[in-house]
file data_10.pdb (PDB, C-alpha atoms)
ATOM      1  CA  MET A   1     -34.279  -2.492 -51.465  1.00  0.00           C
ATOM      2  CA  TYR A   2     -34.963   1.259 -51.331  1.00  0.00           C
ATOM      3  CA  GLU A   3     -38.476   2.445 -50.548  1.00  0.00           C
ATOM      4  CA  HIS A   4     -38.166   6.214 -50.159  1.00  0.00           C
ATOM      5  CA  LEU A   5     -35.695   8.464 -51.963  1.00  0.00           C
ATOM      6  CA  LEU A   6     -34.776  12.007 -50.954  1.00  0.00           C
ATOM      7  CA  VAL A   7     -33.764  14.134 -53.927  1.00  0.00           C
ATOM      8  CA  PRO A   8     -32.363  17.600 -53.118  1.00  0.00           C
ATOM      9  CA  VAL A   9     -32.885  19.919 -56.099  1.00  0.00           C
ATOM     10  CA  ASP A  10     -32.015  23.488 -57.073  1.00  0.00           C
ATOM     11  CA  GLY A  11     -33.439  23.950 -60.556  1.00  0.00           C
ATOM     12  CA  SER A  12     -30.106  23.485 -62.355  1.00  0.00           C
ATOM     13  CA  GLU A  13     -29.392  21.191 -65.296  1.00  0.00           C
ATOM     14  CA  LEU A  14     -27.454  18.927 -62.944  1.00  0.00           C
ATOM     15  CA  SER A  15     -30.453  18.820 -60.632  1.00  0.00           C
ATOM     16  CA  ASP A  16     -32.637  17.863 -63.620  1.00  0.00           C
ATOM     17  CA  ARG A  17     -30.371  14.866 -64.229  1.00  0.00           C
ATOM     18  CA  ALA A  18     -30.779  13.772 -60.606  1.00  0.00           C
ATOM     19  CA  ILE A  19     -34.563  14.153 -60.970  1.00  0.00           C
ATOM     20  CA  ALA A  20     -34.682  11.988 -64.098  1.00  0.00           C
ATOM     21  CA  HIS A  21     -32.418   9.353 -62.566  1.00  0.00           C
ATOM     22  CA  SER A  22     -34.373   9.242 -59.296  1.00  0.00           C
ATOM     23  CA  ILE A  23     -37.727   8.898 -61.060  1.00  0.00           C
ATOM     24  CA  GLY A  24     -36.429   6.001 -63.145  1.00  0.00           C
ATOM     25  CA  LEU A  25     -34.976   4.312 -60.084  1.00  0.00           C
ATOM     26  CA  ALA A  26     -38.110   4.889 -57.988  1.00  0.00           C
ATOM     27  CA  LYS A  27     -40.324   3.506 -60.742  1.00  0.00           C
ATOM     28  CA  MET A  28     -38.156   0.409 -61.064  1.00  0.00           C
ATOM     29  CA  LEU A  29     -38.103  -0.159 -57.277  1.00  0.00           C
ATOM     30  CA  GLY A  30     -41.672   0.904 -56.510  1.00  0.00           C
ATOM     31  CA  ALA A  31     -40.256   3.615 -54.221  1.00  0.00           C
ATOM     32  CA  ALA A  32     -41.622   7.023 -53.274  1.00  0.00           C
ATOM     33  CA  ILE A  33     -39.704  10.281 -53.711  1.00  0.00           C
ATOM     34  CA  THR A  34     -39.428  13.356 -51.538  1.00  0.00           C
ATOM     35  CA  GLY A  35     -38.081  16.270 -53.541  1.00  0.00           C
ATOM     36  CA  PHE A  36     -36.367  18.828 -51.342  1.00  0.00           C
ATOM     37  CA  MET A  37     -35.287  22.356 -52.039  1.00  0.00           C
ATOM     38  CA  ALA A  38     -33.437  24.614 -49.609  1.00  0.00           C
ATOM     39  CA  GLU A  39     -32.561  28.245 -50.147  1.00  0.00           C
ATOM     40  CA  PRO A  40     -30.125  30.331 -48.102  1.00  0.00           C
ATOM     41  CA  PRO A  41     -31.396  33.289 -46.066  1.00  0.00           C
ATOM     42  CA  LEU A  42     -30.388  36.827 -46.904  1.00  0.00           C
ATOM     43  CA  PRO A  43     -26.696  37.353 -46.199  1.00  0.00           C
ATOM     44  CA  VAL A  44     -25.667  39.655 -43.367  1.00  0.00           C
ATOM     45  CA  LEU A  45     -25.608  43.231 -44.593  1.00  0.00           C
ATOM     46  CA  VAL A  46     -22.441  45.064 -43.512  1.00  0.00           C
ATOM     47  CA  VAL A  47     -22.094  48.828 -43.816  1.00  0.00           C
ATOM     48  CA  ASP A  48     -19.065  50.664 -42.437  1.00  0.00           C
ATOM     49  CA  GLN A  49     -17.877  47.516 -40.616  1.00  0.00           C
ATOM     50  CA  ALA A  50     -21.183  47.107 -38.746  1.00  0.00           C
ATOM     51  CA  ALA A  51     -23.959  44.607 -39.346  1.00  0.00           C
ATOM     52  CA  VAL A  52     -27.175  46.291 -40.405  1.00  0.00           C
ATOM     53  CA  ALA A  53     -30.625  44.693 -40.183  1.00  0.00           C
ATOM     54  CA  TYR A  54     -32.817  44.422 -43.254  1.00  0.00           C
ATOM     55  CA  ASP A  55     -36.283  45.872 -43.078  1.00  0.00           C
ATOM     56  CA  VAL A  56     -39.200  43.439 -42.760  1.00  0.00           C
ATOM     57  CA  GLU A  57     -40.311  43.966 -46.366  1.00  0.00           C
ATOM     58  CA  THR A  58     -36.875  42.921 -47.685  1.00  0.00           C
ATOM     59  CA  PHE A  59     -37.113  39.643 -45.722  1.00  0.00           C
ATOM     60  CA  ARG A  60     -40.640  39.034 -47.013  1.00  0.00           C
ATOM     61  CA  GLU A  61     -39.604  39.665 -50.615  1.00  0.00           C
ATOM     62  CA  HIS A  62     -36.639  37.299 -50.276  1.00  0.00           C
ATOM     63  CA  GLU A  63     -38.844  34.573 -48.796  1.00  0.00           C
ATOM     64  CA  LYS A  64     -41.466  35.135 -51.508  1.00  0.00           C
ATOM     65  CA  ARG A  65     -38.877  34.842 -54.318  1.00  0.00           C
ATOM     66  CA  CYS A  66     -37.375  31.712 -52.761  1.00  0.00           C
ATOM     67  CA  GLU A  67     -40.783  30.108 -52.294  1.00  0.00           C
ATOM     68  CA  GLN A  68     -41.876  30.904 -55.870  1.00  0.00           C
ATOM     69  CA  HIS A  69     -38.654  29.440 -57.265  1.00  0.00           C
ATOM     70  CA  ALA A  70     -38.980  26.315 -55.109  1.00  0.00           C
ATOM     71  CA  ARG A  71     -42.634  25.886 -56.007  1.00  0.00           C
ATOM     72  CA  GLY A  72     -41.822  26.002 -59.715  1.00  0.00           C
ATOM     73  CA  VAL A  73     -38.988  23.474 -59.439  1.00  0.00           C
ATOM     74  CA  LEU A  74     -40.938  21.109 -57.173  1.00  0.00           C
ATOM     75  CA  GLU A  75     -44.126  21.306 -59.270  1.00  0.00           C
ATOM     76  CA  LYS A  76     -42.139  20.343 -62.372  1.00  0.00           C
ATOM     77  CA  PHE A  77     -40.574  17.446 -60.428  1.00  0.00           C
ATOM     78  CA  ALA A  78     -44.023  16.382 -59.137  1.00  0.00           C
ATOM     79  CA  GLU A  79     -45.478  16.361 -62.648  1.00  0.00           C
ATOM     80  CA  GLN A  80     -42.647  14.203 -63.991  1.00  0.00           C
ATOM     81  CA  ALA A  81     -43.039  11.777 -61.067  1.00  0.00           C
ATOM     82  CA  LYS A  82     -46.816  11.629 -61.570  1.00  0.00           C
ATOM     83  CA  GLN A  83     -46.386  10.849 -65.281  1.00  0.00           C
ATOM     84  CA  ALA A  84     -44.110   7.947 -64.311  1.00  0.00           C
ATOM     85  CA  GLY A  85     -46.553   6.707 -61.647  1.00  0.00           C
ATOM     86  CA  VAL A  86     -44.187   7.531 -58.770  1.00  0.00           C
ATOM     87  CA  THR A  87     -45.486   8.824 -55.427  1.00  0.00           C
ATOM     88  CA  PHE A  88     -44.040  12.287 -54.769  1.00  0.00           C
ATOM     89  CA  ASP A  89     -43.910  14.794 -51.932  1.00  0.00           C
ATOM     90  CA  GLY A  90     -42.189  18.186 -52.145  1.00  0.00           C
ATOM     91  CA  GLN A  91     -40.496  19.960 -49.238  1.00  0.00           C
ATOM     92  CA  PHE A  92     -38.977  23.458 -49.056  1.00  0.00           C
ATOM     93  CA  MET A  93     -37.162  25.531 -46.446  1.00  0.00           C
ATOM     94  CA  ILE A  94     -34.954  28.570 -46.053  1.00  0.00           C
ATOM     95  CA  THR A  95     -31.870  27.681 -44.031  1.00  0.00           C
ATOM     96  CA  ASP A  96     -28.270  28.699 -43.573  1.00  0.00           C
ATOM     97  CA  ASN A  97     -27.216  25.049 -43.175  1.00  0.00           C
ATOM     98  CA  ILE A  98     -28.372  23.353 -46.361  1.00  0.00           C
ATOM     99  CA  GLN A  99     -26.288  20.190 -45.968  1.00  0.00           C
ATOM    100  CA  GLN A 100     -27.636  19.520 -42.464  1.00  0.00           C
ATOM    101  CA  SER A 101     -31.200  20.283 -43.562  1.00  0.00           C
ATOM    102  CA  ILE A 102     -30.868  17.638 -46.303  1.00  0.00           C
ATOM    103  CA  VAL A 103     -29.800  15.058 -43.709  1.00  0.00           C
ATOM    104  CA  ASP A 104     -32.549  16.161 -41.285  1.00  0.00           C
ATOM    105  CA  VAL A 105     -35.306  15.981 -43.912  1.00  0.00           C
ATOM    106  CA  ALA A 106     -34.109  12.538 -45.026  1.00  0.00           C
ATOM    107  CA  LEU A 107     -34.387  11.288 -41.450  1.00  0.00           C
ATOM    108  CA  ARG A 108     -37.704  13.026 -40.744  1.00  0.00           C
ATOM    109  CA  GLN A 109     -39.272  11.648 -43.946  1.00  0.00           C
ATOM    110  CA  LYS A 110     -37.804   8.177 -43.243  1.00  0.00           C
ATOM    111  CA  CYS A 111     -35.892   8.127 -46.529  1.00  0.00           C
ATOM    112  CA  ASP A 112     -33.439   5.299 -47.108  1.00  0.00           C
ATOM    113  CA  LEU A 113     -31.454   6.762 -50.031  1.00  0.00           C
ATOM    114  CA  ILE A 114     -30.383  10.286 -50.986  1.00  0.00           C
ATOM    115  CA  VAL A 115     -29.980  10.981 -54.717  1.00  0.00           C
ATOM    116  CA  MET A 116     -27.938  14.095 -55.556  1.00  0.00           C
ATOM    117  CA  GLY A 117     -26.195  15.660 -58.484  1.00  0.00           C
ATOM    118  CA  THR A 118     -22.604  16.804 -58.212  1.00  0.00           C
ATOM    119  CA  HIS A 119     -20.323  18.967 -60.288  1.00  0.00           C
ATOM    120  CA  GLY A 120     -17.405  16.682 -59.447  1.00  0.00           C
ATOM    121  CA  ARG A 121     -15.227  19.546 -58.256  1.00  0.00           C
ATOM    122  CA  HIS A 122     -11.704  18.726 -57.126  1.00  0.00           C
ATOM    123  CA  GLY A 123      -8.681  20.586 -55.793  1.00  0.00           C
ATOM    124  CA  LEU A 124      -8.763  24.374 -55.759  1.00  0.00           C
ATOM    125  CA  ASP A 125     -12.190  24.509 -57.420  1.00  0.00           C
ATOM    126  CA  ALA A 126     -13.639  22.403 -54.583  1.00  0.00           C
ATOM    127  CA  LEU A 127     -11.935  24.616 -52.000  1.00  0.00           C
ATOM    128  CA  ILE A 128     -13.331  27.797 -53.520  1.00  0.00           C
ATOM    129  CA  HIS A 129     -16.843  26.592 -54.353  1.00  0.00           C
ATOM    130  CA  GLY A 130     -17.198  23.809 -51.808  1.00  0.00           C
ATOM    131  CA  SER A 131     -19.084  20.618 -52.379  1.00  0.00           C
ATOM    132  CA  LEU A 132     -22.568  20.242 -50.969  1.00  0.00           C
ATOM    133  CA  THR A 133     -22.575  16.574 -51.980  1.00  0.00           C
ATOM    134  CA  LYS A 134     -19.349  15.824 -50.095  1.00  0.00           C
ATOM    135  CA  SER A 135     -20.684  17.645 -47.063  1.00  0.00           C
ATOM    136  CA  VAL A 136     -23.936  15.650 -47.101  1.00  0.00           C
ATOM    137  CA  LEU A 137     -21.936  12.450 -47.499  1.00  0.00           C
ATOM    138  CA  SER A 138     -19.870  13.290 -44.420  1.00  0.00           C
ATOM    139  CA  HIS A 139     -22.949  14.224 -42.319  1.00  0.00           C
ATOM    140  CA  SER A 140     -25.311  11.401 -43.275  1.00  0.00           C
ATOM    141  CA  GLN A 141     -25.527   7.750 -42.312  1.00  0.00           C
ATOM    142  CA  LEU A 142     -27.769   7.077 -45.324  1.00  0.00           C
ATOM    143  CA  PRO A 143     -26.501   5.780 -48.648  1.00  0.00           C
ATOM    144  CA  LEU A 144     -25.923   8.516 -51.211  1.00  0.00           C
ATOM    145  CA  LEU A 145     -26.362   7.987 -54.947  1.00  0.00           C
ATOM    146  CA  ILE A 146     -24.388  10.625 -56.849  1.00  0.00           C
ATOM    147  CA  VAL A 147     -25.464  11.635 -60.355  1.00  0.00           C
ATOM    148  CA  HIS A 148     -22.824  13.407 -62.446  1.00  0.00           C
TER     149      HIS A 148
END
call {"tool": "encode", "arguments": {"input": "data_10.pdb", "output": "structure tokens"}}
result
Amino acid sequence: MYEHLLVPVDGSELSDRAIAHSIGLAKMLGAAITGFMAEPPLPVLVVDQAAVAYDVETFREHEKRCEQHARGVLEKFAEQAKQAGVTFDGQFMITDNIQQSIVDVALRQKCDLIVMGTHGRHGLDALIHGSLTKSVLSHSQLPLLIVH
């Protein structure tokens, strides 16, 4: 049925639930998993109503912190998948369009199911905080399994 799952993660408890669910599903189906983590770039720095560029070292430090965080999350995911006998590949990127990068990675890796956690936000809370899961659902042609 499904042969390759994409599982976007962020290191949260909700993400951990999606990891556990995806590993169980992949093991049952004999599917592989691509774990994916995306981090946003540094926000635009505005001083006195003008955008100011960061120095190169600030960009490097941000990228280093993001990569270290992603490596830790994806290594933990990889170890859990390995213990369950599930084939795993980890992917990471820094992007300002996380929802589109999830869709793009799913297509590039030839995934046939996306497994994501959601906070289940509704109403004003969803307006304020947004919903990455809803955005991925609206941008993707792939089935989406939502873990709550």
call {"tool": "atom_distance", "arguments": {"input": "data_10.pdb", "atom1": "CA of Ala81 (chain A)", "atom2": "CA of Ile33 (chain A)"}}
result
8.2 Å
call {"tool": "resolve_selection", "arguments": {"input": "data_10.pdb", "expression": "the PyMOL selection byres ((chain A and resi 143) around 7)", "output": "list in words"}}
result
Leu113, Ile114, Gln141, Leu142, Leu144 and Leu145 of chain A
call {"tool": "closest_residue", "arguments": {"input": "data_10.pdb", "among": "A:Thr133, A:Gln91, A:Ser22, A:Ser12", "to": "Met37 (chain A)", "atoms": "all atoms listed in the file"}}
result
A:Gln91
call {"tool": "atom_distance", "arguments": {"input": "data_10.pdb", "atom1": "CA of Phe59 (chain A)", "atom2": "CA of Leu42 (chain A)"}}
result
7.4 Å
call {"tool": "atom_distance", "arguments": {"input": "data_10.pdb", "atom1": "CA of Thr87 (chain A)", "atom2": "CA of Gly117 (chain A)"}}
result
20.7 Å
call {"tool": "closest_residue", "arguments": {"input": "data_10.pdb", "among": "A:Ala84, A:Cys111, A:Leu74, A:Ile98", "to": "His21 (chain A)", "atoms": "all atoms listed in the file"}}
result
A:Ala84
call {"tool": "resolve_selection", "arguments": {"input": "data_10.pdb", "expression": "the PyMOL selection byres ((chain A and resi 30) around 12)", "output": "PDB file with C-alpha atoms, in the coordinates of the input"}}
result
ATOM      1  CA  MET A   1     -34.279  -2.492 -51.465  1.00  0.00           C
ATOM      2  CA  TYR A   2     -34.963   1.259 -51.331  1.00  0.00           C
ATOM      3  CA  GLU A   3     -38.476   2.445 -50.548  1.00  0.00           C
ATOM      4  CA  HIS A   4     -38.166   6.214 -50.159  1.00  0.00           C
ATOM      5  CA  LEU A   5     -35.695   8.464 -51.963  1.00  0.00           C
ATOM      6  CA  SER A  22     -34.373   9.242 -59.296  1.00  0.00           C
ATOM      7  CA  ILE A  23     -37.727   8.898 -61.060  1.00  0.00           C
ATOM      8  CA  GLY A  24     -36.429   6.001 -63.145  1.00  0.00           C
ATOM      9  CA  LEU A  25     -34.976   4.312 -60.084  1.00  0.00           C
ATOM     10  CA  ALA A  26     -38.110   4.889 -57.988  1.00  0.00           C
ATOM     11  CA  LYS A  27     -40.324   3.506 -60.742  1.00  0.00           C
ATOM     12  CA  MET A  28     -38.156   0.409 -61.064  1.00  0.00           C
ATOM     13  CA  LEU A  29     -38.103  -0.159 -57.277  1.00  0.00           C
ATOM     14  CA  ALA A  31     -40.256   3.615 -54.221  1.00  0.00           C
ATOM     15  CA  ALA A  32     -41.622   7.023 -53.274  1.00  0.00           C
ATOM     16  CA  ILE A  33     -39.704  10.281 -53.711  1.00  0.00           C
ATOM     17  CA  ALA A  81     -43.039  11.777 -61.067  1.00  0.00           C
ATOM     18  CA  ALA A  84     -44.110   7.947 -64.311  1.00  0.00           C
ATOM     19  CA  GLY A  85     -46.553   6.707 -61.647  1.00  0.00           C
ATOM     20  CA  VAL A  86     -44.187   7.531 -58.770  1.00  0.00           C
ATOM     21  CA  THR A  87     -45.486   8.824 -55.427  1.00  0.00           C
ATOM     22  CA  PHE A  88     -44.040  12.287 -54.769  1.00  0.00           C
TER      23      PHE A  88
END
call {"tool": "residues_around", "arguments": {"input": "data_10.pdb", "residues": "Val9 (chain A)", "least_positions_apart": "5", "cutoff": "12 Å", "atoms": "all atoms listed in the file", "output": "ChimeraX atom specification"}}
result
/A:14-20,22,34-39,69-77,90-93,98,102,114-118,132-133,147
call {"tool": "decode", "arguments": {"input": "data_10.pdb", "residues": "region 4-144 of chain A", "atoms": "C-alpha atoms", "output": "CSV table (one decimal), in the first residue's frame"}}
result
chain,number,residue,atom,x,y,z
A,4,HIS,CA,7.9,5.3,1.5
A,5,LEU,CA,6.7,7.6,4.3
A,6,LEU,CA,7.9,11.2,4.8
A,7,VAL,CA,7.8,12.3,8.4
A,8,PRO,CA,8.4,16.0,9.0
A,9,VAL,CA,9.7,16.5,12.6
A,10,ASP,CA,10.7,19.4,14.9
A,11,GLY,CA,11.8,17.7,18.1
A,12,SER,CA,8.5,18.4,20.0
A,13,GLU,CA,6.5,15.9,21.9
A,14,LEU,CA,3.9,16.0,19.1
A,15,SER,CA,6.6,15.2,16.6
A,16,ASP,CA,7.7,12.3,18.8
A,17,ARG,CA,4.2,10.9,18.5
A,18,ALA,CA,4.4,11.1,14.8
A,19,ILE,CA,7.8,9.4,14.8
A,20,ALA,CA,6.4,6.5,16.9
A,21,HIS,CA,3.3,6.1,14.8
A,22,SER,CA,5.3,6.2,11.5
A,23,ILE,CA,7.8,3.6,12.7
A,24,GLY,CA,5.0,1.3,13.7
A,25,LEU,CA,3.2,1.8,10.4
A,26,ALA,CA,6.4,1.4,8.3
A,27,LYS,CA,7.3,-1.8,10.1
A,28,MET,CA,3.8,-3.2,9.5
A,29,LEU,CA,3.9,-2.2,5.8
A,30,GLY,CA,7.5,-2.9,5.1
A,31,ALA,CA,7.9,0.7,4.1
A,32,ALA,CA,10.9,3.0,4.3
A,33,ILE,CA,10.9,6.4,6.1
A,34,THR,CA,12.5,9.7,5.3
A,35,GLY,CA,12.6,12.0,8.3
A,36,PHE,CA,12.6,15.6,7.4
A,37,MET,CA,13.4,18.7,9.5
A,38,ALA,CA,13.3,22.3,8.2
A,39,GLU,CA,14.3,25.3,10.2
A,40,PRO,CA,13.5,28.9,9.3
A,41,PRO,CA,16.3,31.4,8.3
A,42,LEU,CA,17.1,34.3,10.5
A,43,PRO,CA,14.3,36.9,10.4
A,44,VAL,CA,14.9,40.2,8.8
A,45,LEU,CA,16.5,42.6,11.2
A,46,VAL,CA,14.9,46.0,11.2
A,47,VAL,CA,16.5,49.0,12.9
A,48,ASP,CA,14.9,52.5,12.6
A,49,GLN,CA,12.5,51.3,9.9
A,50,ALA,CA,15.3,50.0,7.7
A,51,ALA,CA,16.4,46.4,7.0
A,52,VAL,CA,19.9,45.7,8.3
A,53,ALA,CA,22.0,42.8,7.1
A,54,TYR,CA,23.4,40.4,9.6
A,55,ASP,CA,27.2,39.8,9.6
A,56,VAL,CA,28.4,36.5,8.1
A,57,GLU,CA,29.3,35.1,11.5
A,58,THR,CA,25.7,35.5,12.8
A,59,PHE,CA,24.4,33.5,9.7
A,60,ARG,CA,27.0,30.8,10.3
A,61,GLU,CA,26.1,30.5,14.0
A,62,HIS,CA,22.4,30.3,13.1
A,63,GLU,CA,23.0,27.6,10.5
A,64,LYS,CA,25.3,25.7,13.0
A,65,ARG,CA,22.6,25.8,15.7
A,66,CYS,CA,19.9,24.6,13.3
A,67,GLU,CA,22.1,21.8,11.9
A,68,GLN,CA,23.0,20.6,15.4
A,69,HIS,CA,19.4,20.6,16.5
A,70,ALA,CA,18.3,18.8,13.4
A,71,ARG,CA,21.1,16.2,13.6
A,72,GLY,CA,20.1,15.4,17.2
A,73,VAL,CA,16.4,15.0,16.3
A,74,LEU,CA,17.1,13.0,13.2
A,75,GLU,CA,19.7,10.7,14.8
A,76,LYS,CA,17.2,9.8,17.6
A,77,PHE,CA,14.6,9.1,14.9
A,78,ALA,CA,17.2,7.0,12.9
A,79,GLU,CA,18.0,4.9,16.0
A,80,GLN,CA,14.4,4.2,16.8
A,81,ALA,CA,13.8,3.2,13.1
A,82,LYS,CA,16.9,1.0,13.1
A,83,GLN,CA,15.7,-0.8,16.3
A,84,ALA,CA,12.4,-1.5,14.6
A,85,GLY,CA,14.1,-2.8,11.5
A,86,VAL,CA,12.8,0.1,9.3
A,87,THR,CA,14.9,1.7,6.6
A,88,PHE,CA,15.5,5.4,7.4
A,89,ASP,CA,17.0,8.4,5.7
A,90,GLY,CA,17.2,11.9,7.3
A,91,GLN,CA,17.0,15.2,5.4
A,92,PHE,CA,17.5,18.7,6.7
A,93,MET,CA,17.2,22.2,5.2
A,94,ILE,CA,16.9,25.9,6.2
A,95,THR,CA,14.0,27.5,4.4
A,96,ASP,CA,11.5,30.3,4.7
A,97,ASN,CA,8.8,28.1,3.1
A,98,ILE,CA,8.6,25.0,5.3
A,99,GLN,CA,5.3,23.8,4.0
A,100,GLN,CA,6.4,23.8,0.4
A,101,SER,CA,9.7,22.2,1.3
A,102,ILE,CA,7.8,19.3,2.9
A,103,VAL,CA,5.9,18.8,-0.3
A,104,ASP,CA,9.0,19.2,-2.4
A,105,VAL,CA,11.0,16.7,-0.4
A,106,ALA,CA,8.1,14.2,-0.5
A,107,LEU,CA,8.1,14.4,-4.3
A,108,ARG,CA,11.9,14.3,-4.6
A,109,GLN,CA,12.2,11.3,-2.3
A,110,LYS,CA,9.3,9.5,-4.1
A,111,CYS,CA,7.3,9.3,-0.9
A,112,ASP,CA,3.7,8.1,-1.1
A,113,LEU,CA,2.4,9.2,2.3
A,114,ILE,CA,3.2,12.1,4.6
A,115,VAL,CA,2.8,11.5,8.4
A,116,MET,CA,2.6,14.7,10.5
A,117,GLY,CA,1.6,15.7,14.0
A,118,THR,CA,-0.8,18.5,14.5
A,119,HIS,CA,-1.9,20.6,17.5
A,120,GLY,CA,-5.5,20.6,16.2
A,121,ARG,CA,-5.8,24.4,16.4
A,122,HIS,CA,-9.1,25.9,15.4
A,123,GLY,CA,-10.6,29.4,15.2
A,124,LEU,CA,-8.6,32.3,16.5
A,125,ASP,CA,-5.8,30.1,17.7
A,126,ALA,CA,-5.3,28.8,14.2
A,127,LEU,CA,-5.4,32.3,12.8
A,128,ILE,CA,-2.7,33.5,15.2
A,129,HIS,CA,-0.4,30.5,15.1
A,130,GLY,CA,-1.3,29.1,11.7
A,131,SER,CA,-1.3,25.4,10.9
A,132,LEU,CA,1.6,23.9,9.1
A,133,THR,CA,-0.4,20.6,8.7
A,134,LYS,CA,-3.3,22.4,7.0
A,135,SER,CA,-0.9,24.2,4.7
A,136,VAL,CA,0.8,21.0,3.7
A,137,LEU,CA,-2.6,19.4,3.1
A,138,SER,CA,-3.6,22.2,0.8
A,139,HIS,CA,-0.3,22.1,-1.2
A,140,SER,CA,0.2,18.4,-1.6
A,141,GLN,CA,-1.4,15.8,-3.8
A,142,LEU,CA,-0.1,13.0,-1.5
A,143,PRO,CA,-2.2,11.4,1.2
A,144,LEU,CA,-1.5,12.9,4.7
